[in-house]
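Trainee: You'll find upload_8.cif just under this line, and it carries mmCIF, C-alpha atoms and all ligand atoms.
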data_run
#
loop_
_atom_site.label_atom_id
_atom_site.label_comp_id
_atom_site.auth_asym_id
_atom_site.auth_seq_id
_atom_site.Cartn_x
_atom_site.Cartn_y
_atom_site.Cartn_z
CA MET E 1 226.52 -39.18 34.07
CA VAL E 2 224.31 -37.04 36.29
CA CYS E 3 222.92 -33.66 35.27
CA VAL E 4 221.40 -31.41 37.93
CA ILE E 5 218.74 -28.94 36.83
CA ILE E 6 218.70 -25.95 39.17
CA ALA E 7 215.38 -24.07 39.01
CA ALA E 8 216.03 -20.35 39.40
CA ALA E 9 213.56 -18.72 37.02
CA GLY E 10 210.96 -17.68 39.59
CA GLN E 11 210.13 -14.21 40.82
CA GLY E 12 210.06 -14.81 44.56
CA LYS E 13 206.75 -13.02 44.99
CA ARG E 14 206.16 -14.45 48.48
CA MET E 15 209.56 -13.09 49.56
CA GLY E 16 208.15 -9.63 48.91
CA SER E 17 211.43 -8.42 47.42
CA THR E 18 211.90 -6.48 44.18
CA VAL E 19 214.68 -8.89 43.09
CA ASN E 20 214.44 -12.60 42.46
CA LYS E 21 214.99 -14.20 45.90
CA VAL E 22 217.76 -16.48 44.58
CA LEU E 23 219.84 -13.35 43.93
CA LEU E 24 219.36 -11.93 47.43
CA PRO E 25 222.49 -11.84 49.61
CA LEU E 26 222.95 -14.63 52.15
CA ALA E 27 226.06 -14.81 54.35
CA GLY E 28 227.93 -12.53 51.96
CA LYS E 29 227.00 -14.02 48.59
CA PRO E 30 223.84 -14.62 46.52
CA VAL E 31 221.55 -17.43 47.68
CA LEU E 32 222.06 -19.11 44.30
CA ALA E 33 225.87 -19.19 44.74
CA HIS E 34 225.43 -21.28 47.91
CA THR E 35 223.05 -23.62 46.07
CA ILE E 36 225.34 -24.10 43.07
CA GLN E 37 228.39 -24.72 45.25
CA ALA E 38 226.56 -27.38 47.26
CA VAL E 39 225.50 -29.10 44.01
CA CYS E 40 229.05 -29.03 42.66
CA GLN E 41 230.51 -30.55 45.82
CA ALA E 42 228.38 -33.66 45.34
CA LYS E 43 230.63 -36.41 43.99
CA ALA E 44 228.15 -37.85 41.48
CA VAL E 45 227.22 -34.62 39.68
CA THR E 46 228.76 -34.20 36.22
CA SER E 47 226.91 -31.19 34.73
CA ILE E 48 224.46 -28.42 35.58
CA ILE E 49 221.60 -26.73 33.77
CA LEU E 50 220.25 -23.56 35.35
CA THR E 51 216.83 -22.19 34.44
CA ALA E 52 216.73 -18.38 34.42
CA ALA E 53 214.11 -15.78 33.56
CA ALA E 54 214.90 -14.20 30.17
CA GLU E 55 215.87 -10.86 31.71
CA GLU E 56 218.19 -12.55 34.25
CA THR E 57 220.02 -14.94 31.91
CA GLU E 58 223.06 -12.71 31.60
CA LYS E 59 223.31 -11.98 35.33
CA MET E 60 223.05 -15.69 36.20
CA SER E 61 225.56 -16.69 33.51
CA MET E 62 228.01 -14.21 35.03
CA LEU E 63 227.39 -15.61 38.50
CA LEU E 64 228.09 -19.13 37.24
CA ALA E 65 231.23 -18.00 35.39
CA GLU E 66 232.57 -16.28 38.53
CA LEU E 67 232.20 -19.53 40.50
CA ASN E 68 234.81 -21.16 38.22
CA LEU E 69 233.12 -24.56 38.27
CA SER E 70 235.01 -27.70 37.36
CA ILE E 71 231.96 -29.22 35.62
CA PRO E 72 230.15 -27.97 32.47
CA TRP E 73 227.08 -25.76 32.91
CA GLN E 74 224.52 -23.99 30.75
CA VAL E 75 221.70 -21.55 31.32
CA VAL E 76 218.30 -22.10 29.67
CA PRO E 77 215.25 -19.83 29.68
CA GLY E 78 212.60 -20.56 32.30
CA GLY E 79 208.85 -20.74 31.80
CA SER E 80 205.92 -19.07 33.54
CA GLU E 81 205.70 -21.94 36.10
CA ARG E 82 208.44 -24.03 37.74
CA GLN E 83 207.24 -27.11 35.82
CA TYR E 84 207.61 -25.31 32.48
CA SER E 85 211.10 -24.18 33.46
CA ILE E 86 212.12 -27.79 34.16
CA ALA E 87 210.47 -28.91 30.89
CA ASN E 88 212.70 -26.44 29.00
CA ALA E 89 215.78 -27.69 30.81
CA LEU E 90 214.95 -31.31 29.92
CA GLN E 91 215.20 -30.36 26.24
CA ALA E 92 218.80 -29.22 26.82
CA LEU E 93 220.10 -32.31 28.65
CA PRO E 94 223.49 -33.59 27.48
CA PRO E 95 223.08 -36.96 25.66
CA SER E 96 225.34 -38.66 28.23
CA ALA E 97 223.06 -37.81 31.19
CA LYS E 98 221.45 -41.02 32.46
CA ILE E 99 220.23 -39.60 35.79
CA VAL E 100 218.60 -36.19 36.11
CA ALA E 101 218.32 -34.46 39.47
CA VAL E 102 216.17 -31.38 39.96
CA HIS E 103 216.89 -28.86 42.70
CA ASP E 104 215.38 -25.54 43.70
CA GLY E 105 217.78 -22.60 43.41
CA ALA E 106 216.01 -21.36 46.54
CA ARG E 107 217.31 -24.28 48.67
CA PRO E 108 220.85 -23.18 49.50
CA LEU E 109 221.25 -25.30 52.63
CA ALA E 110 221.18 -28.81 51.13
CA GLY E 111 224.47 -30.55 51.91
CA PRO E 112 226.45 -32.22 49.08
CA GLY E 113 225.91 -35.59 50.74
CA LEU E 114 222.16 -35.31 50.25
CA PHE E 115 222.59 -34.98 46.47
CA ASP E 116 224.76 -38.10 46.40
CA GLN E 117 222.24 -40.05 48.47
CA VAL E 118 219.24 -39.07 46.35
CA ILE E 119 221.17 -39.75 43.12
CA GLU E 120 222.23 -43.17 44.42
CA ALA E 121 218.60 -43.95 45.29
CA ALA E 122 217.56 -42.89 41.77
CA ARG E 123 220.11 -45.32 40.31
CA LEU E 124 218.57 -48.08 42.42
CA TYR E 125 214.87 -47.18 42.21
CA GLN E 126 214.57 -44.87 39.14
CA ALA E 127 212.92 -42.11 41.18
CA ALA E 128 213.83 -40.63 44.57
CA VAL E 129 213.04 -37.51 46.58
CA ALA E 130 214.52 -35.91 49.69
CA ALA E 131 211.88 -35.49 52.37
CA VAL E 132 211.41 -35.02 56.12
CA PRO E 133 208.56 -36.26 58.31
CA VAL E 134 205.99 -33.51 58.98
CA LYS E 135 206.17 -32.15 62.52
CA ASP E 136 202.70 -30.59 62.78
CA THR E 137 199.35 -32.29 62.58
CA ILE E 138 197.98 -31.80 59.06
CA LYS E 139 194.27 -31.10 58.46
CA ILE E 140 192.31 -31.14 55.23
CA THR E 141 189.58 -28.52 54.91
CA ASP E 142 186.79 -27.70 52.50
CA HIS E 143 186.86 -24.38 50.66
CA SER E 144 184.98 -22.68 53.53
CA GLY E 145 187.71 -23.56 56.04
CA TRP E 146 185.91 -26.47 57.76
CA VAL E 147 188.06 -29.46 58.63
CA THR E 148 187.07 -32.52 56.64
CA ASP E 149 189.85 -34.90 57.60
CA THR E 150 193.00 -35.41 59.71
CA PRO E 151 195.38 -37.74 57.87
CA GLU E 152 197.55 -40.11 59.92
CA ARG E 153 200.75 -38.10 60.50
CA SER E 154 203.16 -41.03 60.47
CA THR E 155 202.58 -41.43 56.72
CA LEU E 156 203.10 -37.74 55.87
CA TRP E 157 206.33 -36.26 54.53
CA SER E 158 207.35 -32.74 53.70
CA VAL E 159 208.94 -33.20 50.30
CA GLN E 160 212.02 -31.23 49.28
CA THR E 161 214.49 -31.17 46.47
CA PRO E 162 216.83 -32.66 45.29
CA GLN E 163 214.60 -35.10 43.44
CA ALA E 164 216.39 -37.46 41.06
CA PHE E 165 215.18 -39.72 38.29
CA ASP E 166 216.11 -42.03 35.52
CA ARG E 167 216.30 -39.70 32.52
CA GLN E 168 213.80 -41.60 30.34
CA LEU E 169 211.30 -41.91 33.18
CA LEU E 170 211.38 -38.16 33.89
CA ALA E 171 211.11 -37.31 30.18
CA SER E 172 208.06 -39.59 29.83
CA ALA E 173 206.48 -38.05 32.93
CA TYR E 174 206.89 -34.53 31.57
CA GLU E 175 205.50 -35.60 28.16
CA LEU E 176 202.41 -37.09 29.82
CA ALA E 177 201.87 -34.01 32.01
CA ALA E 178 202.10 -31.75 28.93
CA LYS E 179 199.64 -33.96 27.03
CA GLU E 180 197.14 -34.01 29.91
CA GLY E 181 197.66 -30.37 30.92
CA TYR E 182 198.62 -31.46 34.44
CA LEU E 183 200.46 -28.88 36.56
CA GLY E 184 202.14 -30.32 39.66
CA THR E 185 204.05 -28.67 42.45
CA ASP E 186 207.03 -31.02 42.25
CA ASP E 187 208.69 -33.31 39.71
CA ALA E 188 207.94 -36.58 41.47
CA SER E 189 204.17 -35.97 41.24
CA LEU E 190 204.51 -36.10 37.45
CA VAL E 191 206.41 -39.39 37.68
CA GLU E 192 203.76 -40.79 40.07
CA ARG E 193 201.12 -40.19 37.37
CA LEU E 194 202.97 -42.70 35.18
CA GLY E 195 202.36 -45.28 37.90
CA ALA E 196 206.06 -45.38 38.82
CA ARG E 197 207.15 -45.75 42.43
CA VAL E 198 209.13 -42.96 44.10
CA LYS E 199 211.55 -43.66 46.95
CA VAL E 200 211.84 -41.25 49.87
CA VAL E 201 215.36 -40.44 51.10
CA ALA E 202 215.81 -38.77 54.50
CA GLY E 203 216.37 -35.08 53.84
CA SER E 204 217.16 -32.42 56.41
CA TYR E 205 215.00 -29.86 58.21
CA GLN E 206 217.73 -27.34 57.40
CA ASN E 207 217.16 -27.90 53.67
CA MET E 208 214.29 -25.43 53.56
CA LYS E 209 213.06 -23.57 50.51
CA LEU E 210 213.56 -19.84 51.08
CA THR E 211 210.02 -18.66 50.47
CA THR E 212 209.12 -15.86 52.92
CA PRO E 213 211.38 -13.26 54.59
CA GLU E 214 211.79 -15.12 57.92
CA ASP E 215 213.29 -18.06 56.01
CA LEU E 216 216.27 -15.83 55.14
CA HIS E 217 216.94 -15.15 58.84
CA PHE E 218 216.83 -18.88 59.55
CA ALA E 219 219.29 -19.54 56.70
CA GLU E 220 221.67 -16.81 57.97
CA THR E 221 221.65 -18.46 61.41
CA VAL E 222 222.30 -21.94 60.02
CA LEU E 223 225.19 -20.74 57.86
CA ALA E 224 226.73 -18.69 60.69
CA LYS E 225 226.61 -21.80 62.89
CA ARG E 226 228.15 -23.96 60.17
CA GLN E 227 230.95 -21.43 59.62
CA ALA E 228 231.69 -21.19 63.35
CA ALA E 229 231.78 -24.97 63.85
CA LYS E 230 235.38 -26.15 64.12
CA PRO E 231 236.15 -29.63 62.83
CA VAL E 232 237.52 -31.96 65.49
CA ILE E 233 240.94 -33.33 64.54
CA ARG E 234 241.97 -36.76 65.81
CA ALA E 235 245.33 -38.51 65.43
CA GLY E 236 246.20 -42.20 65.25
CA ILE E 237 249.34 -44.36 65.08
CA GLY E 238 249.97 -47.65 63.29
CA TYR E 239 252.89 -50.11 63.36
CA ASP E 240 253.38 -53.42 61.56
CA VAL E 241 256.09 -55.95 60.77
CA HIS E 242 256.21 -58.78 58.20
CA ARG E 243 258.87 -61.40 57.63
CA LEU E 244 260.84 -61.43 54.33
CA VAL E 245 260.63 -64.84 52.63
CA PRO E 246 261.38 -66.35 49.22
CA GLU E 247 258.65 -66.89 46.62
CA ARG E 248 256.47 -64.02 47.73
CA ARG E 249 256.02 -60.64 46.04
CA LEU E 250 257.18 -57.51 47.85
CA ILE E 251 254.16 -55.19 47.85
CA LEU E 252 254.57 -51.83 49.56
CA GLY E 253 252.00 -49.05 49.36
CA GLY E 254 250.26 -50.94 46.56
CA VAL E 255 253.49 -51.06 44.48
CA ALA E 256 255.08 -54.36 43.45
CA VAL E 257 258.74 -53.64 44.25
CA PRO E 258 261.23 -55.87 42.36
CA TYR E 259 263.24 -57.89 44.94
CA GLU E 260 264.39 -61.47 45.45
CA LEU E 261 262.26 -61.79 48.62
CA GLY E 262 258.71 -60.83 49.48
CA LEU E 263 256.65 -60.38 52.62
CA ALA E 264 254.84 -63.31 54.22
CA GLY E 265 251.25 -62.86 55.38
CA HIS E 266 247.58 -63.81 55.03
CA SER E 267 246.81 -60.92 52.69
CA ASP E 268 249.33 -59.45 50.24
CA ALA E 269 251.31 -58.51 53.41
CA ASP E 270 251.63 -54.86 52.40
CA VAL E 271 253.21 -53.79 55.67
CA LEU E 272 253.02 -50.09 54.83
CA LEU E 273 249.28 -50.11 54.11
CA HIS E 274 248.66 -52.20 57.23
CA ALA E 275 250.34 -49.53 59.36
CA VAL E 276 248.39 -46.78 57.54
CA LYS E 277 245.07 -48.57 58.10
CA ASP E 278 245.81 -49.10 61.78
CA ALA E 279 246.66 -45.40 62.13
CA LEU E 280 243.36 -44.43 60.47
CA LEU E 281 241.27 -46.85 62.51
CA GLY E 282 243.06 -45.76 65.67
CA ALA E 283 242.35 -42.10 64.92
CA ALA E 284 238.66 -42.88 64.49
CA GLY E 285 238.54 -45.02 67.65
CA LEU E 286 237.51 -48.02 65.54
CA GLY E 287 239.98 -50.64 66.75
CA ASP E 288 242.50 -52.14 64.32
CA ILE E 289 242.72 -54.12 61.08
CA GLY E 290 242.74 -57.43 62.97
CA LYS E 291 239.26 -56.59 64.24
CA HIS E 292 237.85 -55.63 60.83
CA PHE E 293 239.77 -58.01 58.53
CA PRO E 294 240.87 -61.01 60.68
CA ASP E 295 243.63 -63.21 59.25
CA THR E 296 241.49 -66.23 60.07
CA ASP E 297 238.92 -65.13 57.47
CA GLU E 298 239.35 -66.85 54.09
CA ARG E 299 237.87 -63.78 52.31
CA TYR E 300 241.07 -61.88 53.06
CA LYS E 301 243.50 -64.58 51.90
CA GLY E 302 245.82 -62.98 49.35
CA ILE E 303 243.64 -59.86 49.16
CA SER E 304 245.13 -56.60 47.96
CA SER E 305 245.67 -54.25 50.89
CA MET E 306 244.65 -51.38 48.55
CA LYS E 307 241.12 -52.85 48.57
CA LEU E 308 241.13 -52.97 52.36
CA LEU E 309 242.42 -49.39 52.53
CA ALA E 310 239.39 -48.32 50.46
CA GLU E 311 237.19 -50.25 52.93
CA VAL E 312 238.77 -48.41 55.86
CA HIS E 313 238.15 -45.12 54.05
CA LYS E 314 234.48 -46.02 53.61
CA LEU E 315 234.24 -46.96 57.30
CA LEU E 316 235.70 -43.61 58.34
CA ASN E 317 233.33 -41.71 56.02
CA ASN E 318 230.38 -43.61 57.45
CA HIS E 319 231.46 -42.48 60.91
CA GLY E 320 231.64 -38.86 59.72
CA TYR E 321 235.41 -38.51 59.23
CA ILE E 322 237.56 -37.36 56.34
CA VAL E 323 241.31 -37.98 56.16
CA ASN E 324 243.52 -35.01 56.81
CA ASN E 325 247.04 -36.38 56.37
CA ILE E 326 249.17 -39.52 56.48
CA ASP E 327 252.83 -39.69 57.43
CA ALA E 328 254.62 -43.04 57.26
CA THR E 329 258.07 -44.60 57.40
CA ILE E 330 259.09 -47.96 55.94
CA VAL E 331 262.02 -49.59 57.74
CA ALA E 332 263.95 -51.86 55.36
CA GLN E 333 267.65 -52.46 54.80
CA LYS E 334 267.02 -53.58 51.22
CA PRO E 335 265.87 -53.00 48.51
CA LYS E 336 266.26 -49.26 47.82
CA LEU E 337 262.76 -47.80 47.76
CA ALA E 338 263.24 -44.16 46.70
CA ALA E 339 262.10 -44.80 43.11
CA TYR E 340 258.73 -46.19 44.28
CA ILE E 341 257.75 -43.68 46.95
CA ALA E 342 255.88 -41.28 44.62
CA GLN E 343 253.67 -44.12 43.37
CA MET E 344 252.97 -45.25 46.95
CA ASN E 345 251.93 -41.69 47.88
CA SER E 346 249.59 -41.45 44.94
CA ASN E 347 248.09 -44.93 45.54
CA ILE E 348 247.31 -44.06 49.16
CA ALA E 349 245.93 -40.62 48.22
CA ALA E 350 243.64 -42.16 45.59
CA ALA E 351 242.24 -44.78 47.99
CA LEU E 352 241.57 -42.12 50.63
CA ASP E 353 240.16 -39.54 48.20
CA ILE E 354 242.71 -36.91 49.24
CA ASP E 355 245.38 -34.94 47.44
CA VAL E 356 248.79 -36.53 47.06
CA THR E 357 250.30 -33.64 49.06
CA GLN E 358 248.46 -35.00 52.11
CA VAL E 359 250.48 -38.24 52.03
CA ASN E 360 254.15 -38.50 52.92
CA VAL E 361 255.78 -41.93 52.77
CA LYS E 362 259.46 -42.19 53.72
CA ALA E 363 261.92 -45.08 53.88
CA THR E 364 264.90 -45.70 56.12
CA THR E 365 267.42 -48.41 56.95
CA THR E 366 268.59 -49.29 60.48
CA GLU E 367 272.28 -49.27 59.61
CA GLY E 368 272.27 -53.05 59.64
CA LEU E 369 270.88 -53.29 63.17
CA GLY E 370 268.01 -55.48 64.31
CA PHE E 371 265.66 -57.67 62.24
CA ALA E 372 265.11 -54.99 59.58
CA GLY E 373 268.82 -54.28 59.33
CA GLN E 374 269.56 -57.99 59.02
CA GLY E 375 267.04 -58.28 56.16
CA GLU E 376 264.78 -60.66 58.09
CA GLY E 377 261.71 -58.47 57.78
CA VAL E 378 260.26 -55.07 56.96
CA ALA E 379 258.54 -52.76 59.45
CA ALA E 380 256.35 -49.70 58.87
CA TYR E 381 255.21 -46.88 61.12
CA ALA E 382 252.35 -44.55 60.21
CA THR E 383 250.50 -41.66 61.73
CA ALA E 384 247.20 -40.30 60.48
CA THR E 385 245.07 -37.31 61.32
CA ILE E 386 241.39 -37.25 60.47
CA ALA E 387 238.73 -34.55 60.77
CA SER E 388 235.06 -34.85 61.61
CA VAL E 389 232.79 -33.77 58.78
CA GLN E 390 230.43 -30.93 59.73
CA ALA E 391 226.70 -31.53 59.37
N1 LIG E 401 208.59 -20.25 36.66
C1 LIG E 401 209.41 -20.66 37.61
C2 LIG E 401 209.06 -20.58 38.96
C3 LIG E 401 209.96 -21.00 39.92
N2 LIG E 401 211.18 -21.46 39.55
C4 LIG E 401 212.14 -21.83 40.58
O1 LIG E 401 211.64 -22.89 41.35
C5 LIG E 401 212.14 -22.83 42.67
C6 LIG E 401 211.03 -23.09 43.69
O2 LIG E 401 209.92 -22.23 43.44
P1 LIG E 401 209.35 -21.11 44.40
O3 LIG E 401 209.88 -21.23 45.76
O4 LIG E 401 207.89 -21.12 44.21
O5 LIG E 401 210.00 -19.81 43.77
P2 LIG E 401 209.31 -18.56 43.15
O6 LIG E 401 208.37 -18.95 42.09
O7 LIG E 401 210.41 -17.65 42.79
O8 LIG E 401 208.52 -17.96 44.42
P3 LIG E 401 207.06 -17.35 44.48
O9 LIG E 401 206.12 -18.50 44.20
O10 LIG E 401 206.94 -16.80 45.85
O11 LIG E 401 207.00 -16.28 43.43
C7 LIG E 401 212.77 -21.46 42.86
O12 LIG E 401 214.16 -21.61 43.02
C8 LIG E 401 212.39 -20.72 41.61
O13 LIG E 401 213.36 -19.80 41.16
C9 LIG E 401 211.50 -21.57 38.21
O14 LIG E 401 212.60 -22.00 37.87
N3 LIG E 401 210.61 -21.16 37.26
C1 LIG E 402 209.52 -28.84 44.45
C2 LIG E 402 209.26 -28.33 45.84
O1 LIG E 402 210.36 -27.61 46.31
C3 LIG E 402 209.10 -29.54 46.76
O2 LIG E 402 208.83 -29.11 48.03
C4 LIG E 402 208.05 -27.47 45.91
O3 LIG E 402 206.90 -28.23 45.67
C5 LIG E 402 208.11 -26.26 45.03
O4 LIG E 402 206.94 -25.56 45.20
P1 LIG E 402 206.69 -24.04 44.75
O5 LIG E 402 205.25 -23.98 44.49
O6 LIG E 402 207.53 -23.82 43.55
O7 LIG E 402 207.05 -23.23 45.93
#
Let me see the file written as structure tokens.
Ligand SMILES: Nc1ccn([C@@H]2O[C@H](COP(=O)(O)OP(=O)(O)OP(=O)(O)O)[C@@H](O)[C@H]2O)c(=O)n1
Ligand SMILES: C[C@](O)(CO)[C@H](O)COP(=O)(O)O

Mentor:
Amino acid sequence: MVCVIIAAAGQGKRMGSTVNKVLLPLAGKPVLAHTIQAVCQAKAVTSIILTAAAEETEKMSMLLAELNLSIPWQVVPGGSERQYSIANALQALPPSAKIVAVHDGARPLAGPGLFDQVIEAARLYQAAVAAVPVKDTIKITDHSGWVTDTPERSTLWSVQTPQAFDRQLLASAYELAAKEGYLGTDDASLVERLGARVKVVAGSYQNMKLTTPEDLHFAETVLAKRQAAKPVIRAGIGYDVHRLVPERRLILGGVAVPYELGLAGHSDADVLLHAVKDALLGAAGLGDIGKHFPDTDERYKGISSMKLLAEVHKLLNNHGYIVNNIDATIVAQKPKLAAYIAQMNSNIAAALDIDVTQVNVKATTTEGLGFAGQGEGVAAYATATIASVQA
């Protein structure tokens, strides 16, 4: 379980506004609403704790309630410094939380994917931060403004949030900082003092912390551009045929259909899923299943086509696509398939992480004509549309 602490208990003094900057309007809604929605879209996140200044607790609770979140949330009082706010939130963590991510309420432009990446890195390495390479040359000065050093830029990173940690590690880091009276400017610096290693995950230059007024203009521009960007839709087609033979199971759309014959093939010969996968790969311009899962490869002998459908889904995601819809037709004289169609739809939807309404499997006979009509084999046609994911 992953709990995200959203720090929102500051005053936004550098913004020069009379209201807390996280409550300022941005593209038609409060900055904090953008931040919370991005956090909630991350797949791994299971709960939220928001830190709020005492006098803003009610306002922020109302904002959270209006967002109608599907995961549990709570609001805890902040402290006089960001670090003290996070320390309060750590006391309120749900017992099930094994990973804790911390994010600034004032970073509304972080994409959901970044949370998932940083959380995944925290699972692997115990501590991870989003960061971008610095673009300017950085100088160190003395207190009179004289340059004392120019650090090598290739080792310098501008560190952002989210930052994610193993729960115990972060708790120990905060305990040590409290004991030693150390006040850091981010959470990872506390963890570093324990001697633990922190992994850097590539963040985004757009994921800026709204600190001064010009940052708000930048954020408006980024959001306007994101809203105007139209996803590109691509379509693909798939077709497959397998021979019906004795002593094989008849697997269609991941369902074992009772019948005296089954489909012959190197894998489980799920002709429907083969057509669906070819349609998806075709839509993405990624070839076909023969290219990715050759029938000469022993690894795929007898393999469930549901597993390979999940692989195709991963491949599409890695190339920046999400699935829009699937339409498919199974061509078989026998057996009757109507009773199994709903399960096929839901199997396909689950593997592709889409709603079942986006999948439409049908079945038809050929009135006794041709190889399907003669019961020699089963064919399947599929079409798929996919959409490119916006950055
Ligand atoms: N005592 C504090 C101070 C800051 N924050 C939060 O930590 C994030 C990052 O801090 P910063 O940008 O410094 O915000 P402010 O403290 O509000 O800004 P300023 O320093 O200009 O007053 C913000 O979302 C802020 O609301 C917090 O939860 N508790
Ligand atoms: C945690 C942080 O956002 C990482 O860049 C940053 O250090 C917060 O600093 P601030 O002093 O609260 O602005």

Trainee: Skip Gly181 in chain E itself and residues of its chain fewer than 5 positions away, then list as a ChimeraX atom specification all residues within 12 Å of it, counting all atoms listed in the file.

Mentor: /E:83-84,173-176,190

Trainee: Take the residues from that selection and write them out as a PDB file, in the frame of the given file, keeping C-alpha atoms.

Mentor:
ATOM      1  CA  GLN E  83     207.240 -27.110  35.820  1.00  0.00           C
ATOM      2  CA  TYR E  84     207.610 -25.310  32.480  1.00  0.00           C
ATOM      3  CA  ALA E 173     206.480 -38.050  32.930  1.00  0.00           C
ATOM      4  CA  TYR E 174     206.890 -34.530  31.570  1.00  0.00           C
ATOM      5  CA  GLU E 175     205.500 -35.600  28.160  1.00  0.00           C
ATOM      6  CA  LEU E 176     202.410 -37.090  29.820  1.00  0.00           C
ATOM      7  CA  LEU E 190     204.510 -36.100  37.450  1.00  0.00           C
TER       8      LEU E 190
END

Trainee: Excluding same-chain residues fewer than 5 positions from Gln374 in chain E, what lies within 8 Å of it counting all atoms listed in the file, as a ChimeraX atom specification?

Mentor: /E:333,368-369

Trainee: Keeping only C-alpha atoms, write the selected residues as a short mmCIF file (atom, residue, chain, number, x, y, z; two decimals), keeping the file's coordinate frame.

Mentor:
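Saved the output as part.cif:
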data_model
loop_
_atom_site.label_atom_id
_atom_site.label_comp_id
_atom_site.auth_asym_id
_atom_site.auth_seq_id
_atom_site.Cartn_x
_atom_site.Cartn_y
_atom_site.Cartn_z
CA GLN E 333 267.65 -52.46 54.80
CA GLY E 368 272.27 -53.05 59.64
CA LEU E 369 270.88 -53.29 63.17
#

Trainee: Please extract the residues at most 7 Å from ligand LIG 402 (chain E), counting only C-alpha atoms and all ligand atoms, and provide them as a list in words, using the chain letters and residue numbers of this document.

Mentor: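 If we count only C-alpha atoms and all ligand atoms, the neighbours of ligand LIG 402 (chain E) turn out to be Arg82, Asp104, Ser158, Val159, Gln160, Thr161, Thr185, Asp186, Asp187 and Lys209 of chain E.
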
Trainee: How many Å separate CA of Ile233 in chain E from CA of Ala387 in chain E?

Mentor: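 Result for CA of Ile233 in chain E versus CA of Ala387 in chain E: 4.5 Å, one decimal.
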
Trainee: Could you pull the residues within 9 Å of Asp270 in chain E, counting only C-alpha atoms, minus those fewer than 6 positions along the same chain, as a VMD selection string?

Mentor: chain E and resid 242 250 to 255 263 304 to 306

Trainee: With distances taken over all atoms listed in the file, which residue among E:Ile6, E:Ala27, E:His34, E:Phe115 lies nearest Ile86 in chain E?

Mentor: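 Checking each of E:Ile6, E:Ala27, E:His34, E:Phe115 against Ile86 in chain E, counting all atoms listed in the file, the winner is E:Ile6.
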
Trainee: Give as a list in words the residues surrounding ligand LIG 401 (chain E) up to a distance of 6 Å, considering all atoms listed in the file.

Mentor: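 Written in the requested form, the residues are Ala7, Ala8, Ala9, Gly10, Gln11, Gly12, Lys13, Arg14, Met15, Thr51, Gly78, Gly79, Ser80, Glu81, Arg82, Ser85, Asp104, Gly105, Ala106 and Thr211 of chain E.
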
Trainee: Could you tell me how far CA of Ala228 in chain E lies from CA of Ile322 in chain E, in Å and to one decimal?

Mentor: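 Distance reported for this atom pair: 18.6 Å.
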
Trainee: Name the closest residue to Leu50 in chain E among the candidates E:Val201, E:Lys21, E:Val102, E:Pro30; distances are taken between atoms, counting all atoms listed in the file.

Mentor: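 Of E:Val201, E:Lys21, E:Val102, E:Pro30, the one nearest Leu50 in chain E, counting all atoms listed in the file, is E:Val102.
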
Trainee: Quick one: residues within 8 Å of Ile99 in chain E, all atoms listed in the file, excluding same-chain residues fewer than 5 positions away - as a list in words?

Mentor: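 Those residues are Met1, Val2, Cys3, Ile119, Ala122, Arg123, Ala164, Phe165, Asp166 and Arg167 of chain E.
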
Trainee: Which residue, E:Arg248, E:Leu308, E:Leu90, E:Ala269, has the smallest gap to Leu352 in chain E when you use all atoms listed in the file?

Mentor: E:Leu308

Trainee: Just how far from CA of Ala279 in chain E is CA of Ala332 in chain E, in Å to one decimal?

Mentor: 19.7 Å

Trainee: Tell me which protein, DNA and RNA residues are within 8 Å of Thr150 in chain E, counting all atoms listed in the file, leaving out same-chain ones fewer than 3 positions away, and put them as JSON, numbers by chain.

Mentor: {"E": [137, 138, 139, 140, 147]}

Trainee: Just checking: using all atoms listed in the file, which residue out of E:Pro72, E:Pro294, E:Pro335, E:Pro77 ends up closest to Val4 in chain E?

Mentor: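 With all atoms listed in the file as the atom set, the closest residue is E:Pro72.
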
Trainee: Counting all atoms listed in the file, which of E:Glu260, E:Leu169, E:Ala284, E:Glu220 gets nearest to Asn318 in chain E?

Mentor: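 When distances to Asn318 in chain E are compared using all atoms listed in the file, the smallest one comes from E:Ala284.
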
Trainee: In terms of the shortest atom-to-atom distance over all atoms listed in the file, which of E:Val232, E:Gly285, E:Gly262, E:Leu337 is closest to Pro246 in chain E?

Mentor: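 Among the listed residues, the smallest separation from Pro246 in chain E belongs to E:Gly262.
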